[in-house]
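Asks: Mind having a look at this structure? Questions to follow.
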Amino acid sequence: MEKVLVAKGLNKYFTEPNRFQVLKNITFSVEKGEFLSVIGKSGCGKSTLLYLLSTMDTDYEGSIEMKGQLLTGKGQNELAKFRNKNLGFVFQFHYLLPEFSALENVMLPALKLGEYSKEEIESRAYEKLKLLDMHDYALKKSTKLSGGQQQRVAIARALINDPAIIMGDEPTGNLDKANTDTVFNIFKELSREMGQTIITVTHDRDFANSSDRIIEMSDGEIIKGN
Amino acid sequence: MWFNRLNLKIARIHLFSKKKQTVIASLGVTFGIAMFVLMISVMTGVNKLLEDTQLTSTPHVRIYRDVGHERPTLLSLYNSGDTNWNLVHHQKPKDEPLNLRNGLLIARSLEKNPAVLGVSPQVSSQVFFNYGPAQLSGMLVGVDMEKEDRLYNVRSKVKSGSLEALVSSNDGILMGKGLADKMQVKAGDKVTVTTPKGDVVLLRVVGTFQMGIGAIDNVRCYTSLQTVQKILQQNTRYITDIHVKLLDLNKSTPLAREWQDRFGYRAEDWETANATILVSFTIRNIMTGVVVMTLLVVAGFGIYNIMNMTVYDKMKDIAIMKATGFESKDIIGVFISQAAFIGLMGAVVGLCIGYILSYLVSRVPFDGGEFLSVDHFPVNFDPKFYVFGIVFGVVTTILAGYFPSRKASKVDPVEILRG
């Protein structure tokens with residue numbers, strides 16, 4: 001199988017308030033189409049790892065490769081372009097822009113990418129919203145939606161540029177049981193039916209158990225699942 | 001690019017979703033620019049009026065004989081040398097006539113100078129006007145009215161009577177309006193004049209004029225050259241002053257110096273003669289500048305504050321935009337175009353309000369008193385100020401918006417998204 005992500009020897013230190021090693025020599029890889037969950041207790045470094053993989057945190061030792069491209073050492077602007085094209089994010093909070101409609105929120109990353117015309121982007125955004133059963137709410141302001149609906153719009157936004165990897169940081173952390181199930185089913189569907197590579201960080205065992213693979217972390221090290 | 005269509009669209013949505021905040025931010029600029037336009041229009045209007053009044057009635061260069069002008073003592077001529085100390089107490093000027101020798105020739109040669117607009121040779125004399133038992137001191141100025149008119153546009157300043165009457169009569173005088181009012185004389189009345197030598201002559205008032213400056217209107221009387229020469233019992237070549245107007249006012253200082261050296265008489269330029277007025281102009285201009293700068297800086301800080309608030313407000317949005325691939329320059333573009341829009345809108349409205357206010361002020365009746373002949377506030381509607389206002393307004397706001405925008409572009413998304 002094709003490896004979509006390769007991380008080698010990742011070390012990360014926090015210097016405030018004291019020097020502290022958060023990640024200790026993390027090495028692992030993710031294959032295309034894999035649905036991977038990273039679990040562990042609070043403070044084990046799983047979120048920190050995700051932000052290194054997200055390319056937003058560049059202060060680390062080791063190397064990260066995605067789609068055969070070495071990302072370690074690249075400039076902020078180049079990384080921003082890479083994220084725009086190849087990564088989709090779903091966070092614990094939806095982080096939708098409050099002044100914009102659901103549709104506009106979904107369209108923004110694609111407008112930034114600028115690969116399609118505005119009309120095409122709009123129809124693609126509708127498609128993604130339809131996939132998540134949110135097309136009826138497309139023109140509503142994002143602040144007028146419920147928590148579960150907002151998270152679904154956020155997932156549609158993550159999908160708009162057909163990214164190589166979707167990264168989730170506790171994507172169900174702020175949702176009730178019913179909505180958690182919905183989001184989880186969406187992730188599973190994306191992975192099974194569309195071959196979407198997904199990496200999520202979660203502390204929800206049930207959620208993790210139904211993914212393809214689980215990596216368990218403790219004190220900055222991978223203790224299981226590599 | 002900072003200002004691509006997407007960034008502008010985001011900026012526009014930000015601005016229009018918070019209309020109230022946008023309007024309040026713009027009002028800061030509006031107020032600053034409106035006050036700037038009003039202040040500078042009125043201030044320069046007043047300055048220009050004073051300068052014009054002053055300039056229309058004073059020569060750019062005046063050539064005359066200075067009493068006791070740089071005459072070495074006889075002792076120092078006889079007993080010269082570095083080793084000698086000569087002490088002469090209370091040296092007095094020689095008794096010599098106040099006229100310019102070859103005055104008319106000097107005037108004629110000056111007229112040929114291409115930098116000169118006009119030359120008026122004059123004979124002026126201190127006189128007393130007898131008004132019943134009282135004596136009012138005045139200045140009798142003999143001129144060639146045709147030439148004097150070219151310099152000071154006397155014709156337009158005549159309030160009663162006419163210039164022609166002065167030219168055609170040999171004992172007529174054109175009296176300053178202030179003086180005429182004081183003596184309660186009208187055109188056609190006769191006045192008694194006492195010369196410095198003690199002679200008494202009878203002259204006829206043929207009209208009155210008003211320059212708009214009390215110092216002139218209350219003392220000066222115009223008459224012909226011949227009349228004054230006759231009163232002073234001098235010949236027809238007797239000239240005491242030569243007034244010169246130049247094409248370019250700013251050349252007065254070097255030309256005056258040149259002529260002083262050439263003709264050997266004192267040549268006084270306009271700036272030296274009116275040093276105090278020039279100083280007051282400078283001070284007023286500096287004050288205007290300071291007030292205007294303060295207004296604009298205050299407006300700039302207003303925008304800085306609001307943009308800072310907006311950036312704090314939008315921290316999460318910035319973080320997610322960066323996560324989804326927006327670069328630092330996009331973020332700067334989004335916020336700086338908001339500042340630019342606020343600045344532009346504020347400045348345009350400010351210019352309109354400033355224009356309306358200046359127009360209203362220019363309609364306010366204003367009594368210039370004895371010194372100035374104006375009936376409304378002088379306001380200078382120079383388009384230059386409006387251009388400057390809009391440029392400065394937009395530049396200030398962009399600067400004020402740049403620093404918060406840069407801060408926004410440096411937001412670390414990880415810190416915010418981790419929660």
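Naming works like this for the structure tokens: A, B, ... for the chains as they're shown, residue 1 at the start of each chain, ligands 1 onward in shown order.
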Identify all chain B residues at most 12 Å from chain A by counting only C-alpha atoms; ligands do not count. Present them as a count of residues only.

Replies: 44

Asks: Based on DSSP run over this structure's backbone, return all residues of segment 140-225 of chain B in alpha helix (DSSP H), as a list of chain:residue names.

Replies: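 Everything in segment 140-225 of chain B that counts as alpha helix (DSSP H) is B:Met145, B:Glu146, B:Lys147, B:Glu148, B:Asp149, B:Arg150, B:Leu151, B:Tyr152, B:Leu163, B:Glu164, B:Ala165, B:Leu166, B:Val167, B:Ser168, B:Lys177, B:Gly178, B:Leu179, B:Ala180, B:Asp181, B:Lys182, B:Met183, B:Gly214, B:Ala215, B:Ile216, B:Asp217, B:Leu225.
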
Asks: Report as a PyMOL selection string: the residues of segment 15-129 of chain B with a DSSP assignment of strand (DSSP E), based on the backbone of this structure.

Replies: chain B and resi 61-64+116-129

Asks: Using Å and a single decimal, report how far atom CA of Cys221 of chain B sits from atom CA of Phe129 of chain B.

Replies: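 A separation of 10.5 Å between them.
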
Asks: Considering only C-alpha atoms, return as a list in words whatever protein or nucleic-acid residues lie within 12 Å of Ile356 of chain B, sequence-local ones (same chain, fewer than 3 positions apart) excluded.

Replies: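 Neighbouring residues, sequence-local ones excluded: Ala34, Met35, Val37, Leu38, Ser41, Val349, Gly350, Leu351, Cys352, Ile353, Tyr359, Leu360, Val361, Ser362, Arg363, Val379 and Phe381 of chain B.
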
Asks: Could you list, as a list in words, every residue within 10 Å of Leu8 of chain B, counting only C-alpha atoms and ignoring same-chain residues fewer than 5 positions away?

Replies: Trp2, Phe3, Ile13, His14, Asp330, Gly333, Val334, Phe335, Ile336, Ser337 and Gln338 of chain B

Asks: Could you save those same residues with N, CA and C atoms as a PDB file, in the first residue's frame?

Replies:
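As written to disk, result21.pdb reads:
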ATOM      1  N   TRP B   2      -1.621  41.298  -1.621  1.00  0.00           N
ATOM      2  CA  TRP B   2      -2.419  41.560  -0.423  1.00  0.00           C
ATOM      3  C   TRP B   2      -3.903  41.659  -0.763  1.00  0.00           C
ATOM      4  N   PHE B   3      -4.207  42.379  -1.838  1.00  0.00           N
ATOM      5  CA  PHE B   3      -5.599  42.726  -2.083  1.00  0.00           C
ATOM      6  C   PHE B   3      -6.192  41.924  -3.234  1.00  0.00           C
ATOM      7  N   ILE B  13     -17.201  41.547   3.999  1.00  0.00           N
ATOM      8  CA  ILE B  13     -18.199  40.883   4.850  1.00  0.00           C
ATOM      9  C   ILE B  13     -17.964  41.243   6.320  1.00  0.00           C
ATOM     10  N   HIS B  14     -16.688  41.296   6.726  1.00  0.00           N
ATOM     11  CA  HIS B  14     -16.382  41.714   8.095  1.00  0.00           C
ATOM     12  C   HIS B  14     -16.934  43.106   8.369  1.00  0.00           C
ATOM     13  N   ASP B 330      -2.248  37.146   3.161  1.00  0.00           N
ATOM     14  CA  ASP B 330      -3.699  37.199   2.986  1.00  0.00           C
ATOM     15  C   ASP B 330      -4.355  37.846   4.193  1.00  0.00           C
ATOM     16  N   GLY B 333      -3.787  41.410   4.185  1.00  0.00           N
ATOM     17  CA  GLY B 333      -4.662  42.001   3.167  1.00  0.00           C
ATOM     18  C   GLY B 333      -6.077  42.192   3.680  1.00  0.00           C
ATOM     19  N   VAL B 334      -6.600  41.162   4.356  1.00  0.00           N
ATOM     20  CA  VAL B 334      -7.978  41.229   4.853  1.00  0.00           C
ATOM     21  C   VAL B 334      -8.141  42.409   5.806  1.00  0.00           C
ATOM     22  N   PHE B 335      -7.181  42.559   6.721  1.00  0.00           N
ATOM     23  CA  PHE B 335      -7.379  43.572   7.757  1.00  0.00           C
ATOM     24  C   PHE B 335      -6.990  44.966   7.293  1.00  0.00           C
ATOM     25  N   ILE B 336      -5.936  45.038   6.478  1.00  0.00           N
ATOM     26  CA  ILE B 336      -5.508  46.365   6.040  1.00  0.00           C
ATOM     27  C   ILE B 336      -6.514  46.949   5.052  1.00  0.00           C
ATOM     28  N   SER B 337      -7.181  46.089   4.280  1.00  0.00           N
ATOM     29  CA  SER B 337      -8.178  46.654   3.366  1.00  0.00           C
ATOM     30  C   SER B 337      -9.390  47.151   4.149  1.00  0.00           C
ATOM     31  N   GLN B 338      -9.647  46.538   5.310  1.00  0.00           N
ATOM     32  CA  GLN B 338     -10.709  47.081   6.158  1.00  0.00           C
ATOM     33  C   GLN B 338     -10.336  48.475   6.639  1.00  0.00           C
TER      34      GLN B 338
END

Asks: A:Asp59, A:Ile186, A:His203, A:Leu36: which is nearest Leu10 of chain A, counting only C-alpha atoms?

Replies: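 Answer, going by the shortest atom-to-atom distance: A:Asp59.
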
Asks: Got a sec: who's within 10 Å of segment 207-214 of chain A, counting only C-alpha atoms, leaving out chain neighbours fewer than 3 positions off, as JSON, numbers by chain?

Replies: {"A": [30, 33, 34, 35, 36, 37, 38, 39, 172, 180, 181, 183, 184, 185, 187, 188, 191, 192, 198, 199, 200, 201, 202, 203, 204, 217, 224, 225, 226]}

Asks: I need the residues from that last selection saved to file as an mmCIF file, in the first residue's frame (with N, CA, C and O atoms), if you can.

Replies:
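See again-v8.cif below for the written result:
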data_model
loop_
_atom_site.group_PDB
_atom_site.id
_atom_site.type_symbol
_atom_site.label_atom_id
_atom_site.label_comp_id
_atom_site.auth_asym_id
_atom_site.auth_seq_id
_atom_site.Cartn_x
_atom_site.Cartn_y
_atom_site.Cartn_z
ATOM 1 N N VAL A 30 1.372 6.174 7.914
ATOM 2 C CA VAL A 30 -0.056 5.979 7.665
ATOM 3 C C VAL A 30 -0.231 5.649 6.201
ATOM 4 O O VAL A 30 0.376 6.285 5.338
ATOM 5 N N GLY A 33 -5.972 5.634 2.663
ATOM 6 C CA GLY A 33 -7.278 5.042 2.948
ATOM 7 C C GLY A 33 -7.439 4.561 4.366
ATOM 8 O O GLY A 33 -8.496 4.062 4.740
ATOM 9 N N GLU A 34 -6.411 4.709 5.180
ATOM 10 C CA GLU A 34 -6.470 4.223 6.552
ATOM 11 C C GLU A 34 -7.263 5.193 7.431
ATOM 12 O O GLU A 34 -7.207 6.404 7.244
ATOM 13 N N PHE A 35 -8.014 4.623 8.390
ATOM 14 C CA PHE A 35 -8.712 5.427 9.398
ATOM 15 C C PHE A 35 -8.007 5.158 10.715
ATOM 16 O O PHE A 35 -8.163 4.098 11.301
ATOM 17 N N LEU A 36 -7.184 6.150 11.129
ATOM 18 C CA LEU A 36 -6.311 5.938 12.280
ATOM 19 C C LEU A 36 -6.771 6.769 13.463
ATOM 20 O O LEU A 36 -7.099 7.947 13.309
ATOM 21 N N SER A 37 -6.833 6.139 14.638
ATOM 22 C CA SER A 37 -7.138 6.898 15.847
ATOM 23 C C SER A 37 -5.921 6.917 16.752
ATOM 24 O O SER A 37 -5.266 5.897 16.918
ATOM 25 N N VAL A 38 -5.641 8.080 17.294
ATOM 26 C CA VAL A 38 -4.575 8.179 18.291
ATOM 27 C C VAL A 38 -5.251 8.433 19.623
ATOM 28 O O VAL A 38 -6.013 9.390 19.776
ATOM 29 N N ILE A 39 -5.006 7.524 20.582
ATOM 30 C CA ILE A 39 -5.647 7.716 21.888
ATOM 31 C C ILE A 39 -4.593 7.806 22.966
ATOM 32 O O ILE A 39 -3.411 7.526 22.752
ATOM 33 N N THR A 172 -15.343 14.912 18.136
ATOM 34 C CA THR A 172 -16.649 14.711 18.777
ATOM 35 C C THR A 172 -16.632 15.179 20.221
ATOM 36 O O THR A 172 -17.585 14.991 20.953
ATOM 37 N N THR A 180 -22.366 12.671 18.171
ATOM 38 C CA THR A 180 -21.111 11.928 18.098
ATOM 39 C C THR A 180 -21.259 10.756 17.145
ATOM 40 O O THR A 180 -20.415 10.525 16.279
ATOM 41 N N ASP A 181 -22.375 10.061 17.281
ATOM 42 C CA ASP A 181 -22.616 8.923 16.385
ATOM 43 C C ASP A 181 -22.680 9.364 14.932
ATOM 44 O O ASP A 181 -22.100 8.721 14.063
ATOM 45 N N VAL A 183 -21.325 12.027 13.519
ATOM 46 C CA VAL A 183 -20.004 12.387 13.034
ATOM 47 C C VAL A 183 -19.159 11.145 12.822
ATOM 48 O O VAL A 183 -18.472 10.995 11.810
ATOM 49 N N PHE A 184 -19.259 10.219 13.772
ATOM 50 C CA PHE A 184 -18.467 9.000 13.652
ATOM 51 C C PHE A 184 -18.849 8.219 12.399
ATOM 52 O O PHE A 184 -17.988 7.769 11.644
ATOM 53 N N ASN A 185 -20.164 8.118 12.147
ATOM 54 C CA ASN A 185 -20.622 7.409 10.942
ATOM 55 C C ASN A 185 -20.130 8.074 9.675
ATOM 56 O O ASN A 185 -19.767 7.416 8.716
ATOM 57 N N PHE A 187 -17.363 9.777 9.361
ATOM 58 C CA PHE A 187 -15.940 9.468 9.211
ATOM 59 C C PHE A 187 -15.752 8.060 8.645
ATOM 60 O O PHE A 187 -14.945 7.834 7.756
ATOM 61 N N LYS A 188 -16.543 7.125 9.196
ATOM 62 C CA LYS A 188 -16.414 5.735 8.759
ATOM 63 C C LYS A 188 -16.777 5.600 7.286
ATOM 64 O O LYS A 188 -16.085 4.945 6.503
ATOM 65 N N SER A 191 -14.166 6.962 5.033
ATOM 66 C CA SER A 191 -13.024 6.057 4.970
ATOM 67 C C SER A 191 -13.348 4.816 4.136
ATOM 68 O O SER A 191 -12.608 4.455 3.227
ATOM 69 N N ARG A 192 -14.492 4.176 4.412
ATOM 70 C CA ARG A 192 -14.846 2.921 3.740
ATOM 71 C C ARG A 192 -15.177 3.134 2.278
ATOM 72 O O ARG A 192 -14.685 2.457 1.403
ATOM 73 N N ILE A 198 -7.862 9.224 7.191
ATOM 74 C CA ILE A 198 -8.290 10.052 8.328
ATOM 75 C C ILE A 198 -7.382 9.774 9.523
ATOM 76 O O ILE A 198 -7.090 8.612 9.830
ATOM 77 N N ILE A 199 -6.917 10.816 10.155
ATOM 78 C CA ILE A 199 -6.188 10.659 11.415
ATOM 79 C C ILE A 199 -6.931 11.473 12.456
ATOM 80 O O ILE A 199 -7.090 12.688 12.292
ATOM 81 N N THR A 200 -7.414 10.816 13.520
ATOM 82 C CA THR A 200 -8.053 11.611 14.561
ATOM 83 C C THR A 200 -7.392 11.341 15.896
ATOM 84 O O THR A 200 -6.910 10.251 16.165
ATOM 85 N N VAL A 201 -7.395 12.362 16.713
ATOM 86 C CA VAL A 201 -6.945 12.244 18.085
ATOM 87 C C VAL A 201 -8.193 12.258 18.933
ATOM 88 O O VAL A 201 -9.070 13.104 18.746
ATOM 89 N N THR A 202 -8.311 11.294 19.812
ATOM 90 C CA THR A 202 -9.521 11.247 20.633
ATOM 91 C C THR A 202 -9.212 10.571 21.966
ATOM 92 O O THR A 202 -8.230 9.858 22.108
ATOM 93 N N HIS A 203 -10.071 10.822 22.961
ATOM 94 C CA HIS A 203 -9.930 10.006 24.156
ATOM 95 C C HIS A 203 -11.175 9.140 24.333
ATOM 96 O O HIS A 203 -11.381 8.525 25.361
ATOM 97 N N ASP A 204 -11.971 9.083 23.265
ATOM 98 C CA ASP A 204 -13.205 8.301 23.283
ATOM 99 C C ASP A 204 -12.902 6.891 22.776
ATOM 100 O O ASP A 204 -12.690 6.673 21.591
ATOM 101 N N MET A 217 -0.882 6.249 23.045
ATOM 102 C CA MET A 217 0.292 6.975 23.508
ATOM 103 C C MET A 217 0.257 7.156 25.003
ATOM 104 O O MET A 217 -0.801 7.237 25.613
ATOM 105 N N LYS A 224 1.429 1.338 21.981
ATOM 106 C CA LYS A 224 0.698 0.244 21.347
ATOM 107 C C LYS A 224 0.252 0.655 19.954
ATOM 108 O O LYS A 224 -0.077 1.812 19.719
ATOM 109 N N GLY A 225 0.267 -0.289 19.029
ATOM 110 C CA GLY A 225 -0.388 -0.056 17.749
ATOM 111 C C GLY A 225 0.504 0.378 16.618
ATOM 112 O O GLY A 225 0.031 0.833 15.600
ATOM 113 N N ASN A 226 1.798 0.288 16.788
ATOM 114 C CA ASN A 226 2.663 0.701 15.688
ATOM 115 C C ASN A 226 3.193 -0.521 14.952
ATOM 116 O O ASN A 226 3.847 -1.356 15.525
#

Asks: Find the spatial neighbours of Ile213 of chain B, counting only C-alpha atoms, within a cut-off of 12 Å - ignore same-chain residues fewer than 2 positions away - and output them as a count of residues only.

Replies: 30

Asks: Compile a residue-level contact table for segment 87-117 of chain B against segment 261-273 of chain B at a cut-off of 10 Å, reporting for every qualifying residue the shortest atom pair and its distance in Å to one decimal, with only C-alpha atoms counted, rows ordered by chain and ascending number, as a Markdown table.

Replies:
| residue | atom | partner | partner_atom | distance |
| --- | --- | --- | --- | --- |
| B:Leu100 | CA | B:Tyr265 | CA | 7.7 |
| B:Arg101 | CA | B:Tyr265 | CA | 9.6 |
| B:Asn102 | CA | B:Phe263 | CA | 9.7 |
| B:Gly103 | CA | B:Phe263 | CA | 9.7 |
| B:Ile106 | CA | B:Phe263 | CA | 7.8 |

Asks: Output the selection as a CSV table (one decimal), in the first residue's frame - N, CA, C and O atoms for each residue.

Replies:
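That gives us result35.csv:
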chain,number,residue,atom,x,y,z
B,100,LEU,N,16.4,111.9,-3.4
B,100,LEU,CA,17.3,111.0,-4.1
B,100,LEU,C,17.8,111.8,-5.3
B,100,LEU,O,17.0,112.3,-6.2
B,101,ARG,N,19.1,112.0,-5.4
B,101,ARG,CA,19.7,112.7,-6.6
B,101,ARG,C,19.4,111.8,-7.8
B,101,ARG,O,19.6,110.6,-7.7
B,102,ASN,N,19.1,112.3,-8.9
B,102,ASN,CA,18.8,111.6,-10.1
B,102,ASN,C,17.7,110.6,-9.9
B,102,ASN,O,17.6,109.5,-10.5
B,103,GLY,N,16.7,110.9,-9.0
B,103,GLY,CA,15.7,109.9,-8.6
B,103,GLY,C,14.9,109.5,-9.9
B,103,GLY,O,14.6,108.3,-10.0
B,106,ILE,N,16.9,107.1,-11.9
B,106,ILE,CA,16.9,105.7,-11.3
B,106,ILE,C,15.6,105.0,-11.6
B,106,ILE,O,15.6,103.8,-12.0

Asks: I'd like the contact shell of Ile390 of chain B - 9 Å cut-off, only C-alpha atoms, skipping same-chain residues fewer than 3 positions apart - returned as a list of chain:residue names.

Replies: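 Near Ile390 of chain B, the qualifying residues are B:Ile33, B:Gly343, B:Leu344, B:Ala347, B:Val348, B:Gly350, B:Leu351, B:Phe385, B:Tyr386, B:Val387, B:Gly393, B:Val394, B:Val395.
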